[in-house]
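Please read the structure below before turning to the comments.
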Amino acid sequence: MNEHSRVLERDKLDIAEPLSDVELRLPAVLPRESYPIETLTPDARQQTRAVGQRVTRPDGRLHGLGQTKYIDDLSFPGMLYARIKRAGIASARIKRIDTSAAEAMPGVMAVLTGKEIPVNSFGPSFQDQPVLVDDLVFHAGDGVAAVAAVTEQIANEALEKIVVEYEPLPAVLDPVAAMREDSPKVHAPNSNIYATKTIRKGDVEKGLAESDHIFEDRFSTQMIEHVSLEPHAAIADWDANGRLTIWATIGRITLARADIARTLKLPMSRIRIIGTIVGGNFGGKNEISQEPALALLSKKTGRPVKGVFTRGEEFTSTTTRHPIIMDYKTGVTNKGRILARQIRLVLDGGAYCSWSETTLGKACILAPGPYKIDNVLSEAFVVYTNKTMTGAMRGFGAPQVCFAYESQMDDIAKKLGIDPLEIRLLNAFDEGSPSPTGQVLHSVVIKESLRKAADRFDWEPRS
Amino acid sequence: MTDVTMTINGQTRSASVPPETTLLQLLRENFNLTGAKLGCDVGDCGACTVIVDGQAVNSCLMLAGQADGRQVLTIEGLASREHLHPIQKAFENSGALQCGFCGPGVLLSAKALLDDNLDPSTQEIRDALSGNLCRCTGYTKMIEAVQEAARLLREESRTQLTHARPEVATP
C-alpha cells in the first residue's frame with residue numbers, strides 16, 4: 001500500500017461530518033529544535049563552531065508544508081484584480097487612448113491611464129521610467145493603461161476593449177548605433193549615452209607597444225531575464241483614512257516606499273509596505289513596477305487591488321541582465337605575462353536606467369580580470385535603446401566581463417602554447433596586489449583556489 | 001457551469017465552476033488550497049504540480065472537469081496531523097528549499113516517484129524532477145533530500161508501522 005492511499009484510508013474514518021476548508025489542511029506544526037546560543041566573537045579566519053555546521057532554513061518548515069504565504073496566496077474582502085495593457089510597439093507616440101468601452105463593461109470597476117498619475121516617473125538612480133506611459137512609448141513592454149475588475153478574466157477582456165492609436169517612431173535597437181550623434185534619441189533631447197565610466201592605470205599605449213603579441217577580440221552577451229518562479233505581484237489597499245498599505249514582492253521595501261511616495265505625491269508616513277516572502281528575486285525585484293498603478297486603482301475603487309504579472313510580462317516588462325558588447329585589446333609577452341589591456345564596454349541599457357549605473361561601474365572595474373596588469377584602460381558606456389530595460393542581476397555586470405576576459409585568456413594560452421592554468425597562475429593577483437583602481441587587496445586566495453580546483457578534477461595540461 | 005466532485009486530500013469535495021476553470025484555479029480559488037502555485041500557466045515550470053490518481057500532473061494544464069471523480073493530493077495533504085511526511089522532513093533537513101516557491105511541486109513530484117520506487121537512482125530522481133524548475137538552483141540538495149526521504153521510507157516500510165509514523169530523529 002503506498003503512502004497516498006494510506007493517508008486516504010486513515011482519513012476515511014472521519015469523513016462523515018460536513019467539511020470546512022480547514023479540514024483539507026493537515027497542520028503538522030512541530031516544536032522546532034532550537035540551537036544553543038553562544039556569544040562568540042571569532043578572529044578573522046578562525047574556524048568557529050558555526051562554520052561547517054549543518055543548519056536548516058528558518059522558513060523551511062512552512063515551505064515544505066506549502067503554508068508560506070506569497071502575494072498571490074493572499075486575498076482580502078472585496079479585492080479586485082488588476083491587469084495592465086502593454087504597448088506592443090517599441091517606439092511610438094500615443095495619439096489617442098479610448099477606455100470608454102472597457103469602463104462600460106460589467107465587472108470593470110476602474111481604468112487608469114498614465115495622465116492620472118501625479119508624478120509619472122521613477123527609478124533608483126535616474127527617474128526616467130513612467131509607471132504607465134502617457135505620451136511616448138519607450139519599449140514594447142510599457143504599460144499604457146491599467147484595469148481593475150472583479151475577476152482576472154474580466155480584467156483581461158477589458159484590456160482588449162481599450163483602444164490605443166499610435167504614431168510609430170523610429171526605434172533604436174542596436175546599442176552601438178545608438179551611440180552615434182545622428183541616431184534617433186530614445187529620451188530626446190538627451191544623448192542615448194546616459195552614463196560612462198573610465199578607469200586608467202599606467203600607460204596602455206606604451207604597454208601595448210612593448211608587448212610581443214596583441215590580441216584583439218570582441219565578445220558579446222545576451223539579454224537574460226531573472227525568471228524568478230514567483231512573478232512580480234502586489235496588493236494595494238488605499239483606505240478611507242488616506243493611508244496606503246502595499247503587500248509587495250520587493251526586496252528593497254524602504255527604497256520602494258520612497259519611490260511610491262514620490263509617484264503618488266503622498267508623504268512616506270502614510271505608506272506602509274509589507275514585504276512578504278519573496279519567491280525569488282536575483283535582482284529583478286529591487287524596484288517598484290506596478291505598485292503606484294495598483295494604489296491609484298485602489299484609491300479610485302475604495303477596494304484592495306491585486307496585480308500579478310504573467311510570465312510573458314516578466315520577460316517584456318521587468319528588468320533583465322545587460323547585454324554587453326566587449327572589445328578587448330590585450331598585449332602579452334612571449335611568456336604569457338599580460339603587459340597591457342584596453343577594454344571598451346557598451347552596455348545595452350534598454351529603455352530606462354534602473355540599476356544600470358551600478359552595473360556599469362562594477363563591470364568597468366572588474367573588466368581587466370583578477371590579474372596583475374600595470375597598464376589598463378577600461379571605458380564603459382551604457383546606452384538607451386527601445387528595448388526591455390536592463391537592471392540589477394546577480395553580479396551587476398561581473399559575469400559578462402568574466403566571460404570575456406577568461407575567453408581571451410584561453411585564446412592567448414592556446415596561441416602561445418601555454419597551459420591555460422599556468423597562464424592564469426602567472427598573471428593572477430597575489431596577497432597585497434593593487435586592483436585596477438588602486439585598491440590594495442587582502443585575503444587573496446585565487447592561486448590556491450585554482451590549484452585546489454585543478455587538483456580536484458585532475459587537470460591535465462592540454463597544451 | 002460544470003459540476004465537479006473529487007477526493008482532495010482524502011476529503012470529498014464538490015464545486016460548480018465555469019468549464020474553462022483549471023484544476024489549479026479550482027484548488028486555489030474554490031478550495032483555498034494555495035500550496036500549488038501559478039508560475040508560468042503553460043506547464044513549463046511545475047510549480048502547480050499535484051498528484052492525481054497517483055500521477056504527478058501540472059494542474060494548470062488540467063481542467064477541473066478532467067479531475068472529476070478522481071483522487072487529488074495537494075501539498076496540504078502530505079503531512080499528517082502529528083507528523084511531517086518523510087519527504088518534507090528530508091527537504092527541511094537538507095535545506096533543499098530556498099525561496100520555496102517551487103517546493104510544493106517538487107515535493108509532490110518526489111512523492112509520485114517514491115510511491116512507485118522506494119530505491120530510485122540519481123538519474124531516476126533527476127527524471128522525476130525534470131518537470132520542476134528551481135531558479136534558486138538547489139537541485140543538488142533536492143536530489144540528496146529525495147535520497148534521504150527514500151531511505152526514511154524504506155526504514156519505515158521495514159518496521160511495518162501502520163499507525164502513527166515514528167518521529168524521525170534530526171541528524
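Naming scheme: A, B, ... for chains in displayed order of the C-alpha cells; residues 1 onward per chain; ligands 1 onward as shown.
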
Problem set entry | 9 Å contact set for Gly284 in chain A, only C-alpha atoms, chain neighbours under 2 positions out, as a PyMOL selection string | chain A and resi 225-228+232+250-251+280-282+286-287+318-321+391-393

Expected file: the selected residues, N, CA and C atoms, as an mmCIF file, in the first residue's frame:
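Result file follows (out-v8.cif):
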data_model
loop_
_atom_site.group_PDB
_atom_site.id
_atom_site.type_symbol
_atom_site.label_atom_id
_atom_site.label_comp_id
_atom_site.auth_asym_id
_atom_site.auth_seq_id
_atom_site.Cartn_x
_atom_site.Cartn_y
_atom_site.Cartn_z
ATOM 1 N N GLU A 225 16.688 37.225 -18.596
ATOM 2 C CA GLU A 225 15.633 37.533 -17.618
ATOM 3 C C GLU A 225 15.875 36.693 -16.353
ATOM 4 N N HIS A 226 15.532 37.259 -15.209
ATOM 5 C CA HIS A 226 15.765 36.535 -13.952
ATOM 6 C C HIS A 226 14.908 35.282 -13.842
ATOM 7 N N VAL A 227 13.671 35.364 -14.368
ATOM 8 C CA VAL A 227 12.713 34.262 -14.287
ATOM 9 C C VAL A 227 12.602 33.702 -12.870
ATOM 10 N N SER A 228 12.427 34.591 -11.899
ATOM 11 C CA SER A 228 12.115 34.076 -10.576
ATOM 12 C C SER A 228 10.788 33.332 -10.689
ATOM 13 N N HIS A 232 6.216 38.971 -10.494
ATOM 14 C CA HIS A 232 6.015 40.214 -9.756
ATOM 15 C C HIS A 232 4.550 40.305 -9.346
ATOM 16 N N ILE A 250 8.924 42.836 -3.117
ATOM 17 C CA ILE A 250 10.054 43.731 -3.394
ATOM 18 C C ILE A 250 11.149 43.453 -2.382
ATOM 19 N N GLY A 251 12.364 43.355 -2.874
ATOM 20 C CA GLY A 251 13.481 43.095 -1.979
ATOM 21 C C GLY A 251 13.892 44.331 -1.199
ATOM 22 N N GLY A 280 11.889 34.331 -5.032
ATOM 23 C CA GLY A 280 12.983 34.508 -5.985
ATOM 24 C C GLY A 280 13.083 35.969 -6.390
ATOM 25 N N ASN A 281 14.282 36.536 -6.280
ATOM 26 C CA ASN A 281 14.486 37.935 -6.641
ATOM 27 C C ASN A 281 15.622 38.020 -7.663
ATOM 28 N N PHE A 282 16.835 37.705 -7.236
ATOM 29 C CA PHE A 282 18.027 37.697 -8.098
ATOM 30 C C PHE A 282 18.321 39.068 -8.689
ATOM 31 N N ASN A 286 14.132 44.576 -7.295
ATOM 32 C CA ASN A 286 14.797 45.601 -6.493
ATOM 33 C C ASN A 286 14.180 46.975 -6.645
ATOM 34 N N GLU A 287 13.119 47.100 -7.400
ATOM 35 C CA GLU A 287 12.482 48.396 -7.577
ATOM 36 C C GLU A 287 10.995 48.190 -7.790
ATOM 37 N N THR A 318 9.760 43.645 -17.109
ATOM 38 C CA THR A 318 10.576 43.773 -15.899
ATOM 39 C C THR A 318 12.041 43.827 -16.313
ATOM 40 N N THR A 319 12.894 44.194 -15.363
ATOM 41 C CA THR A 319 14.295 44.371 -15.722
ATOM 42 C C THR A 319 14.954 43.042 -16.097
ATOM 43 N N THR A 320 16.058 43.153 -16.834
ATOM 44 C CA THR A 320 16.814 41.980 -17.305
ATOM 45 C C THR A 320 18.303 42.248 -17.103
ATOM 46 N N ARG A 321 19.125 41.247 -17.428
ATOM 47 C CA ARG A 321 20.578 41.442 -17.355
ATOM 48 C C ARG A 321 21.079 42.143 -18.617
ATOM 49 N N GLY A 391 18.720 45.966 -15.704
ATOM 50 C CA GLY A 391 18.941 46.471 -14.356
ATOM 51 C C GLY A 391 19.800 45.537 -13.549
ATOM 52 N N ALA A 392 19.465 45.434 -12.274
ATOM 53 C CA ALA A 392 20.261 44.599 -11.391
ATOM 54 C C ALA A 392 20.027 43.135 -11.694
ATOM 55 N N MET A 393 21.123 42.393 -11.731
ATOM 56 C CA MET A 393 21.012 40.932 -11.700
ATOM 57 C C MET A 393 22.310 40.422 -11.134
#

Return as a tab-separated table the residues of chain B lying at most 8 Å from chain A, together with the closest atom-to-atom pair for each and the distance in Å to one decimal, counting only C-alpha atoms, with rows in chain order and ascending residue number.
residue	atom	partner	partner_atom	distance
B:Ile8	CA	A:Leu24	CA	7.4
B:Asn9	CA	A:Leu24	CA	6.3
B:Gly10	CA	A:Leu8	CA	4.6
B:Gln11	CA	A:Ile15	CA	6.7
B:Phe31	CA	A:Asp21	CA	6.5
B:Asn32	CA	A:Asp21	CA	7.1
B:Leu33	CA	A:Leu24	CA	8.0
B:Thr34	CA	A:Asp73	CA	5.7
B:Gly35	CA	A:Gly66	CA	4.4
B:Ala36	CA	A:Gly66	CA	7.5
B:Leu38	CA	A:Glu230	CA	7.9
B:Gly39	CA	A:Leu229	CA	5.6
B:Cys40	CA	A:Arg311	CA	5.3
B:Asp41	CA	A:Arg311	CA	7.7
B:Cys45	CA	A:Leu229	CA	7.7
B:Ala47	CA	A:Leu229	CA	7.8
B:Gly54	CA	A:His4	CA	7.6
B:Leu73	CA	A:His4	CA	7.7
B:Ile75	CA	A:Gly66	CA	5.8
B:Glu76	CA	A:Arg25	CA	4.9
B:Gly77	CA	A:Leu26	CA	5.8
B:Leu78	CA	A:Leu26	CA	7.7
B:Ala79	CA	A:Leu26	CA	6.1
B:Ser80	CA	A:Leu26	CA	5.8
B:Arg81	CA	A:Ala28	CA	5.0
B:Glu82	CA	A:Ala28	CA	5.4
B:His83	CA	A:Ala28	CA	5.5
B:Leu84	CA	A:Ala28	CA	5.9
B:Gln88	CA	A:Gly64	CA	5.4
B:Phe91	CA	A:Gly64	CA	7.1
B:Glu92	CA	A:Gly60	CA	5.4
B:Asn93	CA	A:Thr56	CA	5.8
B:Ser94	CA	A:Thr56	CA	7.0
B:Gly95	CA	A:Thr56	CA	5.3
B:Leu97	CA	A:Gly60	CA	6.5
B:Gln98	CA	A:Gly60	CA	7.6
B:Cys99	CA	A:Gly279	CA	5.0
B:Gly100	CA	A:His63	CA	5.1
B:Phe101	CA	A:Gly279	CA	5.3
B:Cys102	CA	A:Leu229	CA	6.9
B:Gly103	CA	A:Gly64	CA	6.3
B:Pro104	CA	A:Gly66	CA	5.7
B:Leu107	CA	A:Gly64	CA	7.6
B:Asp115	CA	A:Asn2	CA	5.6
B:Asp116	CA	A:Asn2	CA	8.0
B:Leu133	CA	A:Leu229	CA	7.9
B:Cys134	CA	A:Leu229	CA	7.1
B:Arg135	CA	A:Ser228	CA	6.0
B:Cys136	CA	A:Gly280	CA	6.9

Restricted to N, CA and C atoms, what would the selected residues look like written as a short mmCIF file (atom, residue, chain, number, x, y, z; two decimals), in the first residue's frame?
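The resulting selection39.cif:
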data_model
loop_
_atom_site.label_atom_id
_atom_site.label_comp_id
_atom_site.auth_asym_id
_atom_site.auth_seq_id
_atom_site.Cartn_x
_atom_site.Cartn_y
_atom_site.Cartn_z
N ILE B 8 -10.16 15.26 -2.46
CA ILE B 8 -8.95 16.07 -2.32
C ILE B 8 -8.39 15.83 -0.93
N ASN B 9 -7.18 15.37 -0.88
CA ASN B 9 -6.52 15.06 0.40
C ASN B 9 -7.42 14.21 1.29
N GLY B 10 -8.11 13.26 0.66
CA GLY B 10 -8.92 12.32 1.41
C GLY B 10 -10.33 12.78 1.69
N GLN B 11 -10.66 14.00 1.31
CA GLN B 11 -11.99 14.53 1.59
C GLN B 11 -12.76 14.70 0.28
N PHE B 31 -11.22 26.17 -3.30
CA PHE B 31 -10.97 25.41 -2.07
C PHE B 31 -9.90 26.05 -1.19
N ASN B 32 -9.40 27.21 -1.56
CA ASN B 32 -8.39 27.92 -0.77
C ASN B 32 -7.15 27.09 -0.47
N LEU B 33 -6.83 26.18 -1.37
CA LEU B 33 -5.60 25.40 -1.20
C LEU B 33 -4.53 26.08 -2.04
N THR B 34 -3.81 27.00 -1.42
CA THR B 34 -2.89 27.85 -2.18
C THR B 34 -1.48 27.28 -2.23
N GLY B 35 -1.30 26.04 -1.78
CA GLY B 35 0.04 25.44 -1.82
C GLY B 35 0.56 25.28 -3.25
N ALA B 36 -0.30 24.82 -4.16
CA ALA B 36 0.10 24.72 -5.56
C ALA B 36 0.16 26.14 -6.14
N LEU B 38 0.94 29.21 -9.17
CA LEU B 38 0.89 29.56 -10.59
C LEU B 38 2.24 30.19 -10.95
N GLY B 39 3.04 29.48 -11.73
CA GLY B 39 4.36 30.02 -12.08
C GLY B 39 4.39 30.51 -13.51
N CYS B 40 3.92 29.68 -14.44
CA CYS B 40 4.01 30.07 -15.85
C CYS B 40 2.68 29.93 -16.56
N ASP B 41 1.77 29.10 -16.05
CA ASP B 41 0.45 28.89 -16.64
C ASP B 41 0.50 28.17 -17.97
N CYS B 45 6.91 25.11 -15.73
CA CYS B 45 7.72 25.30 -14.53
C CYS B 45 7.44 24.28 -13.44
N ALA B 47 5.45 24.43 -10.88
CA ALA B 47 5.11 24.95 -9.56
C ALA B 47 3.69 24.56 -9.15
N GLY B 54 -2.38 9.13 -8.34
CA GLY B 54 -1.02 8.61 -8.25
C GLY B 54 -0.03 9.19 -9.23
N LEU B 73 -4.15 14.75 -4.59
CA LEU B 73 -3.35 15.02 -3.39
C LEU B 73 -2.60 16.33 -3.61
N ILE B 75 -0.16 19.57 -1.63
CA ILE B 75 0.87 19.65 -0.60
C ILE B 75 0.24 19.75 0.79
N GLU B 76 -0.95 20.33 0.87
CA GLU B 76 -1.60 20.48 2.18
C GLU B 76 -1.97 19.13 2.79
N GLY B 77 -2.08 18.09 1.96
CA GLY B 77 -2.47 16.79 2.47
C GLY B 77 -1.31 15.84 2.68
N LEU B 78 -0.08 16.34 2.55
CA LEU B 78 1.07 15.43 2.60
C LEU B 78 1.44 15.10 4.04
N ALA B 79 1.39 16.07 4.91
CA ALA B 79 1.71 15.81 6.31
C ALA B 79 0.50 15.19 6.99
N SER B 80 0.73 14.45 8.06
CA SER B 80 -0.39 14.04 8.90
C SER B 80 -0.59 15.12 9.95
N ARG B 81 -1.59 14.98 10.78
CA ARG B 81 -1.79 15.99 11.81
C ARG B 81 -0.64 16.00 12.81
N GLU B 82 -0.02 14.85 12.97
CA GLU B 82 1.02 14.74 14.00
C GLU B 82 2.42 14.89 13.42
N HIS B 83 2.61 14.47 12.19
CA HIS B 83 3.98 14.35 11.70
C HIS B 83 4.13 14.90 10.29
N LEU B 84 5.32 15.39 10.05
CA LEU B 84 5.68 15.72 8.68
C LEU B 84 5.81 14.41 7.90
N GLN B 88 8.98 15.76 3.40
CA GLN B 88 9.06 17.13 3.96
C GLN B 88 10.18 17.24 4.97
N PHE B 91 13.50 17.29 3.08
CA PHE B 91 13.74 18.56 2.38
C PHE B 91 14.10 19.66 3.38
N GLU B 92 13.45 19.62 4.54
CA GLU B 92 13.75 20.64 5.54
C GLU B 92 15.18 20.47 6.08
N ASN B 93 15.52 19.23 6.40
CA ASN B 93 16.83 18.98 6.99
C ASN B 93 17.96 19.21 5.99
N SER B 94 17.69 18.98 4.71
CA SER B 94 18.75 19.17 3.71
C SER B 94 18.86 20.62 3.27
N GLY B 95 17.96 21.47 3.72
CA GLY B 95 17.96 22.85 3.22
C GLY B 95 17.72 22.90 1.73
N LEU B 97 15.03 23.70 0.08
CA LEU B 97 14.12 24.73 -0.43
C LEU B 97 14.67 26.10 -0.03
N GLN B 98 14.84 26.97 -1.00
CA GLN B 98 15.36 28.30 -0.68
C GLN B 98 14.21 29.30 -0.63
N CYS B 99 13.79 29.83 -1.79
CA CYS B 99 12.65 30.74 -1.73
C CYS B 99 11.36 29.96 -1.51
N GLY B 100 11.35 28.69 -1.87
CA GLY B 100 10.24 27.81 -1.54
C GLY B 100 9.11 27.79 -2.55
N PHE B 101 9.16 28.65 -3.57
CA PHE B 101 8.02 28.76 -4.48
C PHE B 101 7.83 27.48 -5.31
N CYS B 102 8.95 26.84 -5.65
CA CYS B 102 8.86 25.60 -6.44
C CYS B 102 8.60 24.41 -5.53
N GLY B 103 8.73 24.60 -4.20
CA GLY B 103 8.76 23.49 -3.25
C GLY B 103 7.57 22.54 -3.31
N PRO B 104 6.33 23.06 -3.20
CA PRO B 104 5.20 22.14 -3.22
C PRO B 104 5.20 21.23 -4.46
N LEU B 107 8.10 18.62 -4.15
CA LEU B 107 7.80 17.59 -3.15
C LEU B 107 6.80 16.57 -3.70
N ASP B 115 6.38 6.76 -4.44
CA ASP B 115 5.25 5.83 -4.32
C ASP B 115 5.46 4.60 -5.20
N ASP B 116 6.16 4.81 -6.32
CA ASP B 116 6.41 3.70 -7.25
C ASP B 116 7.73 3.00 -6.98
N LEU B 133 11.02 23.39 -12.29
CA LEU B 133 12.13 24.33 -12.37
C LEU B 133 12.34 25.00 -11.02
N CYS B 134 13.62 25.19 -10.68
CA CYS B 134 14.00 25.94 -9.49
C CYS B 134 15.00 26.98 -9.97
N ARG B 135 14.74 28.27 -9.67
CA ARG B 135 15.69 29.30 -10.13
C ARG B 135 16.70 29.66 -9.06
N CYS B 136 16.45 29.26 -7.82
CA CYS B 136 17.49 29.41 -6.80
C CYS B 136 18.55 28.32 -7.03
#

Problem set entry | Close residues, Ala90 in chain B itself excluded, 10 Å, only C-alpha atoms, min 2 positions apart in chain, as a PyMOL selection string | (chain A and resi 64) or (chain B and resi 84-88+92-96+141-142+144-152+168+170)

Exercise. Just asking: which residues within range 371-413 of chain A are alpha helix (DSSP H) according to DSSP, as an MDAnalysis selection string?
Worked result: chainID A and resid 398:413

Saved selection, atoms kept: N, CA and C atoms, as a PDB file, in the first residue's frame:
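As written to disk, part_30.pdb reads:
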ATOM      1  N   ALA A 398      29.419  41.692 -13.519  1.00  0.00           N
ATOM      2  CA  ALA A 398      30.628  40.887 -13.346  1.00  0.00           C
ATOM      3  C   ALA A 398      30.634  39.610 -14.199  1.00  0.00           C
ATOM      4  N   PRO A 399      29.514  38.891 -14.310  1.00  0.00           N
ATOM      5  CA  PRO A 399      29.562  37.652 -15.112  1.00  0.00           C
ATOM      6  C   PRO A 399      29.863  37.917 -16.585  1.00  0.00           C
ATOM      7  N   GLN A 400      29.349  39.036 -17.126  1.00  0.00           N
ATOM      8  CA  GLN A 400      29.563  39.311 -18.542  1.00  0.00           C
ATOM      9  C   GLN A 400      31.053  39.516 -18.835  1.00  0.00           C
ATOM     10  N   VAL A 401      31.704  40.395 -18.031  1.00  0.00           N
ATOM     11  CA  VAL A 401      33.116  40.669 -18.316  1.00  0.00           C
ATOM     12  C   VAL A 401      33.975  39.450 -18.000  1.00  0.00           C
ATOM     13  N   CYS A 402      33.565  38.639 -17.038  1.00  0.00           N
ATOM     14  CA  CYS A 402      34.311  37.412 -16.725  1.00  0.00           C
ATOM     15  C   CYS A 402      34.329  36.491 -17.941  1.00  0.00           C
ATOM     16  N   PHE A 403      33.171  36.393 -18.590  1.00  0.00           N
ATOM     17  CA  PHE A 403      33.105  35.581 -19.816  1.00  0.00           C
ATOM     18  C   PHE A 403      34.109  36.100 -20.843  1.00  0.00           C
ATOM     19  N   ALA A 404      34.220  37.421 -20.964  1.00  0.00           N
ATOM     20  CA  ALA A 404      35.112  37.997 -21.976  1.00  0.00           C
ATOM     21  C   ALA A 404      36.582  37.772 -21.614  1.00  0.00           C
ATOM     22  N   TYR A 405      37.000  38.173 -20.380  1.00  0.00           N
ATOM     23  CA  TYR A 405      38.440  38.079 -20.106  1.00  0.00           C
ATOM     24  C   TYR A 405      38.908  36.642 -19.975  1.00  0.00           C
ATOM     25  N   GLU A 406      38.063  35.749 -19.476  1.00  0.00           N
ATOM     26  CA  GLU A 406      38.505  34.357 -19.376  1.00  0.00           C
ATOM     27  C   GLU A 406      38.531  33.685 -20.750  1.00  0.00           C
ATOM     28  N   SER A 407      37.595  34.065 -21.641  1.00  0.00           N
ATOM     29  CA  SER A 407      37.641  33.531 -23.001  1.00  0.00           C
ATOM     30  C   SER A 407      38.926  33.968 -23.684  1.00  0.00           C
ATOM     31  N   GLN A 408      39.291  35.253 -23.475  1.00  0.00           N
ATOM     32  CA  GLN A 408      40.504  35.737 -24.128  1.00  0.00           C
ATOM     33  C   GLN A 408      41.747  35.081 -23.521  1.00  0.00           C
ATOM     34  N   MET A 409      41.721  34.824 -22.216  1.00  0.00           N
ATOM     35  CA  MET A 409      42.858  34.134 -21.599  1.00  0.00           C
ATOM     36  C   MET A 409      43.081  32.775 -22.253  1.00  0.00           C
ATOM     37  N   ASP A 410      42.004  32.064 -22.530  1.00  0.00           N
ATOM     38  CA  ASP A 410      42.127  30.758 -23.185  1.00  0.00           C
ATOM     39  C   ASP A 410      42.709  30.911 -24.590  1.00  0.00           C
ATOM     40  N   ASP A 411      42.241  31.950 -25.310  1.00  0.00           N
ATOM     41  CA  ASP A 411      42.761  32.186 -26.669  1.00  0.00           C
ATOM     42  C   ASP A 411      44.259  32.479 -26.625  1.00  0.00           C
ATOM     43  N   ILE A 412      44.649  33.302 -25.644  1.00  0.00           N
ATOM     44  CA  ILE A 412      46.064  33.673 -25.532  1.00  0.00           C
ATOM     45  C   ILE A 412      46.895  32.426 -25.214  1.00  0.00           C
ATOM     46  N   ALA A 413      46.420  31.638 -24.269  1.00  0.00           N
ATOM     47  CA  ALA A 413      47.146  30.434 -23.865  1.00  0.00           C
ATOM     48  C   ALA A 413      47.333  29.495 -25.055  1.00  0.00           C
TER      49      ALA A 413
END
